[in-house]
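Coordinates as given in protein15.cif (mmCIF, C-alpha atoms):
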```
data_coords
#
loop_
_atom_site.label_atom_id
_atom_site.label_comp_id
_atom_site.auth_asym_id
_atom_site.auth_seq_id
_atom_site.Cartn_x
_atom_site.Cartn_y
_atom_site.Cartn_z
CA MET O 218 0.00 0.00 0.00
CA ASP O 219 1.48 3.35 -0.97
CA SER O 220 1.49 6.46 1.19
CA ALA O 221 -1.42 8.11 -0.65
CA GLU O 222 -3.59 5.02 -0.15
CA TYR O 223 -2.62 4.89 3.53
CA GLU O 224 -3.55 8.55 3.96
CA ARG O 225 -6.95 7.91 2.32
CA LYS O 226 -7.51 4.98 4.69
CA ILE O 227 -6.65 7.05 7.75
CA ALA O 228 -8.80 9.94 6.51
CA HIS O 229 -11.74 7.53 6.31
CA ARG O 230 -11.15 6.55 9.92
CA PHE O 231 -11.39 10.22 10.84
CA ALA O 232 -15.16 9.87 10.55
CA ALA O 233 -15.16 7.39 13.44
CA PHE O 234 -13.91 10.16 15.72
CA ASP O 235 -15.89 13.06 14.23
CA GLN O 236 -19.04 11.93 16.03
CA ASP O 237 -21.10 15.02 15.19
CA GLY O 238 -19.91 15.27 11.57
CA ASN O 239 -18.84 18.90 11.82
CA GLY O 240 -15.51 18.34 10.05
CA TYR O 241 -13.21 18.25 13.05
CA ILE O 242 -12.55 16.20 16.16
CA ASP O 243 -12.78 17.92 19.51
CA ARG O 244 -13.49 17.19 23.15
CA ALA O 245 -17.24 17.24 22.46
CA ASP O 246 -16.89 14.25 20.12
CA PHE O 247 -15.26 12.18 22.86
CA ASN O 248 -17.85 13.28 25.43
CA ALA O 249 -20.68 12.45 23.00
CA ALA O 250 -19.26 8.96 22.45
CA ALA O 251 -19.05 8.43 26.21
CA ALA O 252 -22.60 9.69 26.74
CA ARG O 253 -23.99 7.36 24.07
CA LEU O 254 -22.20 4.36 25.56
CA LEU O 255 -23.52 5.16 29.03
CA THR O 256 -27.06 5.53 27.70
CA GLU O 257 -26.88 2.28 25.73
CA PHE O 258 -25.78 0.32 28.78
CA GLY O 259 -28.00 2.10 31.32
CA THR O 260 -25.05 3.49 33.24
CA THR O 261 -25.12 6.88 34.95
CA ALA O 262 -22.41 9.45 34.42
CA ARG O 263 -21.91 9.86 38.18
CA CYS O 264 -21.22 6.22 39.02
CA ASP O 265 -17.67 4.83 39.02
CA ARG O 266 -18.00 3.34 35.52
CA GLY O 267 -19.43 6.58 34.15
CA GLN O 268 -16.71 8.68 35.73
CA SER O 269 -14.02 6.34 34.45
CA LEU O 270 -15.45 6.52 30.94
CA TYR O 271 -15.50 10.32 30.94
CA THR O 272 -12.00 10.42 32.42
CA GLY O 273 -10.83 7.99 29.73
CA ALA O 274 -12.52 10.07 27.03
CA GLU O 275 -10.73 13.19 28.28
CA ALA O 276 -7.38 11.41 28.39
CA PHE O 277 -7.97 10.08 24.88
CA TRP O 278 -8.88 13.56 23.63
CA GLN O 279 -5.80 15.11 25.27
CA GLY O 280 -3.57 12.46 23.73
CA MET O 281 -5.15 12.91 20.32
CA ALA O 282 -4.81 16.68 20.50
CA GLY O 283 -1.19 16.35 21.62
CA ILE O 284 -0.37 14.20 18.63
CA ALA O 285 -2.44 15.82 15.91
CA ASP O 286 -3.60 19.37 16.83
CA VAL O 287 -0.85 21.18 14.98
CA ASP O 288 -2.26 24.71 15.30
CA GLY O 289 -3.30 24.36 18.95
CA ASP O 290 -6.93 25.40 18.43
CA GLN O 291 -8.27 22.42 20.44
CA ARG O 292 -9.73 20.91 17.28
CA VAL O 293 -8.24 18.25 15.02
CA THR O 294 -9.13 18.71 11.38
CA ARG O 295 -9.14 15.87 8.88
CA GLU O 296 -5.82 17.11 7.53
CA GLU O 297 -4.28 17.28 11.00
CA PHE O 298 -5.54 13.78 11.76
CA VAL O 299 -4.10 12.40 8.53
CA GLY O 300 -0.81 14.19 9.14
CA GLY O 301 -0.64 13.09 12.78
CA ALA O 302 -1.42 9.49 11.94
CA VAL O 303 0.92 9.27 9.00
CA LYS O 304 3.86 11.17 10.47
CA ARG O 305 3.71 10.17 14.13
CA LEU O 306 1.71 7.01 14.59
CA ARG O 307 2.68 4.75 11.74
CA ASP O 308 6.12 4.27 13.25
CA ASN O 309 4.77 3.76 16.78
CA PRO O 310 1.27 2.24 16.85
CA GLU O 311 1.66 1.42 20.54
CA ARG O 312 1.73 5.14 21.36
CA PHE O 313 -1.70 5.65 19.81
CA ALA O 314 -3.04 2.57 21.54
CA GLU O 315 -1.76 3.78 24.90
CA ILE O 316 -3.58 7.11 24.65
CA ALA O 317 -6.77 5.14 23.91
CA ARG O 318 -6.25 2.53 26.66
CA PRO O 319 -8.06 4.35 29.52
CA PHE O 320 -11.12 4.95 27.33
CA LEU O 321 -11.12 1.41 25.94
CA ARG O 322 -10.75 -0.11 29.42
CA ALA O 323 -13.61 2.00 30.75
CA ALA O 324 -15.80 1.29 27.68
CA ILE O 325 -15.28 -2.45 28.15
CA ALA O 326 -16.16 -2.09 31.84
CA VAL O 327 -19.36 -0.21 30.94
CA ALA O 328 -20.29 -2.89 28.41
CA ALA O 329 -19.57 -5.62 30.95
CA GLY O 330 -21.11 -3.83 33.93
CA THR O 331 -17.92 -4.30 35.96
CA ASP O 332 -15.64 -2.06 37.99
CA PRO O 333 -13.13 -0.36 35.66
CA ASP O 334 -10.75 0.31 38.55
CA SER O 335 -10.54 -3.34 39.49
CA THR O 336 -7.10 -4.92 39.47
CA GLU O 337 -8.61 -7.88 37.67
CA THR O 338 -8.63 -8.13 33.90
CA VAL O 339 -11.56 -6.21 32.44
CA SER O 340 -13.48 -8.05 29.73
CA ALA O 341 -16.92 -7.94 28.16
CA PRO O 342 -19.00 -10.45 26.23
CA VAL O 343 -18.63 -10.28 22.45
CA ALA O 344 -22.31 -9.30 22.08
CA ALA O 345 -21.86 -6.34 24.45
CA VAL O 346 -18.82 -5.11 22.53
CA GLU O 347 -20.82 -5.45 19.31
CA ARG O 348 -23.50 -3.20 20.85
CA ALA O 349 -20.85 -0.69 21.88
CA LEU O 350 -19.38 -0.62 18.39
CA ARG O 351 -22.82 0.05 16.90
CA VAL O 352 -23.39 2.90 19.36
CA LEU O 353 -20.04 4.38 18.34
CA GLY O 354 -21.08 4.37 14.68
CA ALA O 355 -20.10 1.01 13.19
CA GLU O 356 -22.55 -0.41 10.69
CA ASP O 357 -24.47 -3.43 11.97
CA ASP O 358 -22.75 -6.06 9.83
CA LEU O 359 -19.30 -4.60 10.47
CA ALA O 360 -19.89 -4.31 14.22
CA GLY O 361 -20.63 -8.03 14.44
CA LEU O 362 -17.65 -8.98 12.32
CA ALA O 363 -15.32 -6.67 14.23
CA ALA O 364 -16.50 -7.81 17.66
CA GLY O 365 -16.11 -11.45 16.67
CA SER O 366 -12.60 -10.86 15.37
CA LEU O 367 -11.57 -9.14 18.62
CA ASP O 368 -12.13 -12.34 20.57
CA THR O 369 -8.72 -13.69 19.60
CA ASP O 370 -8.64 -16.43 22.25
CA ARG O 371 -12.23 -17.50 21.44
CA ASP O 372 -13.40 -17.43 25.06
CA GLY O 373 -16.54 -15.42 24.24
CA ARG O 374 -15.15 -12.29 25.88
CA ILE O 375 -13.09 -9.34 24.72
CA GLY O 376 -10.45 -8.10 27.10
CA GLU O 377 -8.57 -4.86 27.34
CA ALA O 378 -5.41 -6.26 25.74
CA GLU O 379 -7.36 -7.59 22.74
CA ALA O 380 -9.19 -4.29 22.29
CA VAL O 381 -6.05 -2.15 22.59
CA ALA O 382 -4.08 -4.29 20.13
CA ALA O 383 -6.93 -4.25 17.60
CA PHE O 384 -7.36 -0.50 18.02
CA ALA O 385 -3.69 0.13 17.31
CA ALA O 386 -3.76 -2.11 14.25
CA TYR O 387 -6.95 -0.60 12.85
CA PHE O 388 -5.76 2.97 13.06
CA THR O 389 -2.07 2.65 12.34
CA VAL O 390 -1.09 -0.50 10.46
CA ILE O 391 -0.52 -0.20 6.75
CA ALA O 392 -2.50 -3.17 5.55
CA PRO O 393 -5.51 -3.59 3.32
CA ASP O 394 -8.85 -3.70 5.08
CA ALA O 395 -10.34 -7.17 5.32
#
```
What does this structure look like when you write it as structure tokens?
Amino acid sequence: MDSAEYERKIAHRFAAFDQDGNGYIDRADFNAAAARLLTEFGTTARCDRGQSLYTGAEAFWQGMAGIADVDGDQRVTREEFVGGAVKRLRDNPERFAEIARPFLRAAIAVAAGTDPDSTETVSAPVAAVERALRVLGAEDDLAGLAAGSLDTDRDGRIGEAEAVAAFAAYFTVIAPDA
């Protein structure tokens, strides 16, 4: 895959973050994603899971802005996202995954109905992760396929490590989409 094709692929992924479709990613997009997840799973914003999800969303936004917000306006345009992904993340996918980890951990805990601050491994049933993916904007057929593919050990659950690794690969690996 050449660089232009990679940039087109990453630009397409921009839409996953631009939750309100206004042409840029900002803190409100991350908060909207968190609010929709909480609503879908009947979780209040003030409970531990809700607070962890909003804290994770803020950390994710701050990490994203630190990597891609070139002009410092607290918004990441499509061009900034493409530039940030191509120039900074392709060589270090783990960095992108690590900024997403707190949000992913909390989202899995919301989907599972478990304590996100537990020292135990956080995991959610495949069906719950599929619901979460739909709420975050994945098309129905793709949400099912994606959730199923995340269960790499085939135990019927998706853990934090599986989600983080898949997230890094999806957003940063130069490979054709399956």
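Nearest to Glu297 of chain O of all the residues O:Gly283, O:Pro342, O:Pro319, O:Gly361 is O:Gly283, counting only C-alpha atoms.
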Inset, instruction - Can you give me, as a VMD selection string, the residues this file yields under the PyMOL selection byres ((chain O and resi 353) around 9)? - result: chain O and resid 233 to 234 236 250 to 251 253 to 254 348 to 352 354 to 355
Inset, instruction - Could you please determine the separation between atom CA of Ser340 of chain O and atom CA of Arg263 of chain O in Å, to one decimal place? - result: 21.5 Å
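Taking atom CA of Glu379 of chain O and atom CA of Leu255 of chain O as endpoints, the distance between them is 21.5 Å.
Atom pair atom CA of Leu321 of chain O / atom CA of Asp290 of chain O: separated by 25.5 Å.
Around segment 238-240 of chain O, within 8 Å and counting only C-alpha atoms, the residues found are Ala232, Thr294 and Arg295 of chain O, once anything fewer than 4 positions away on its own chain is removed.
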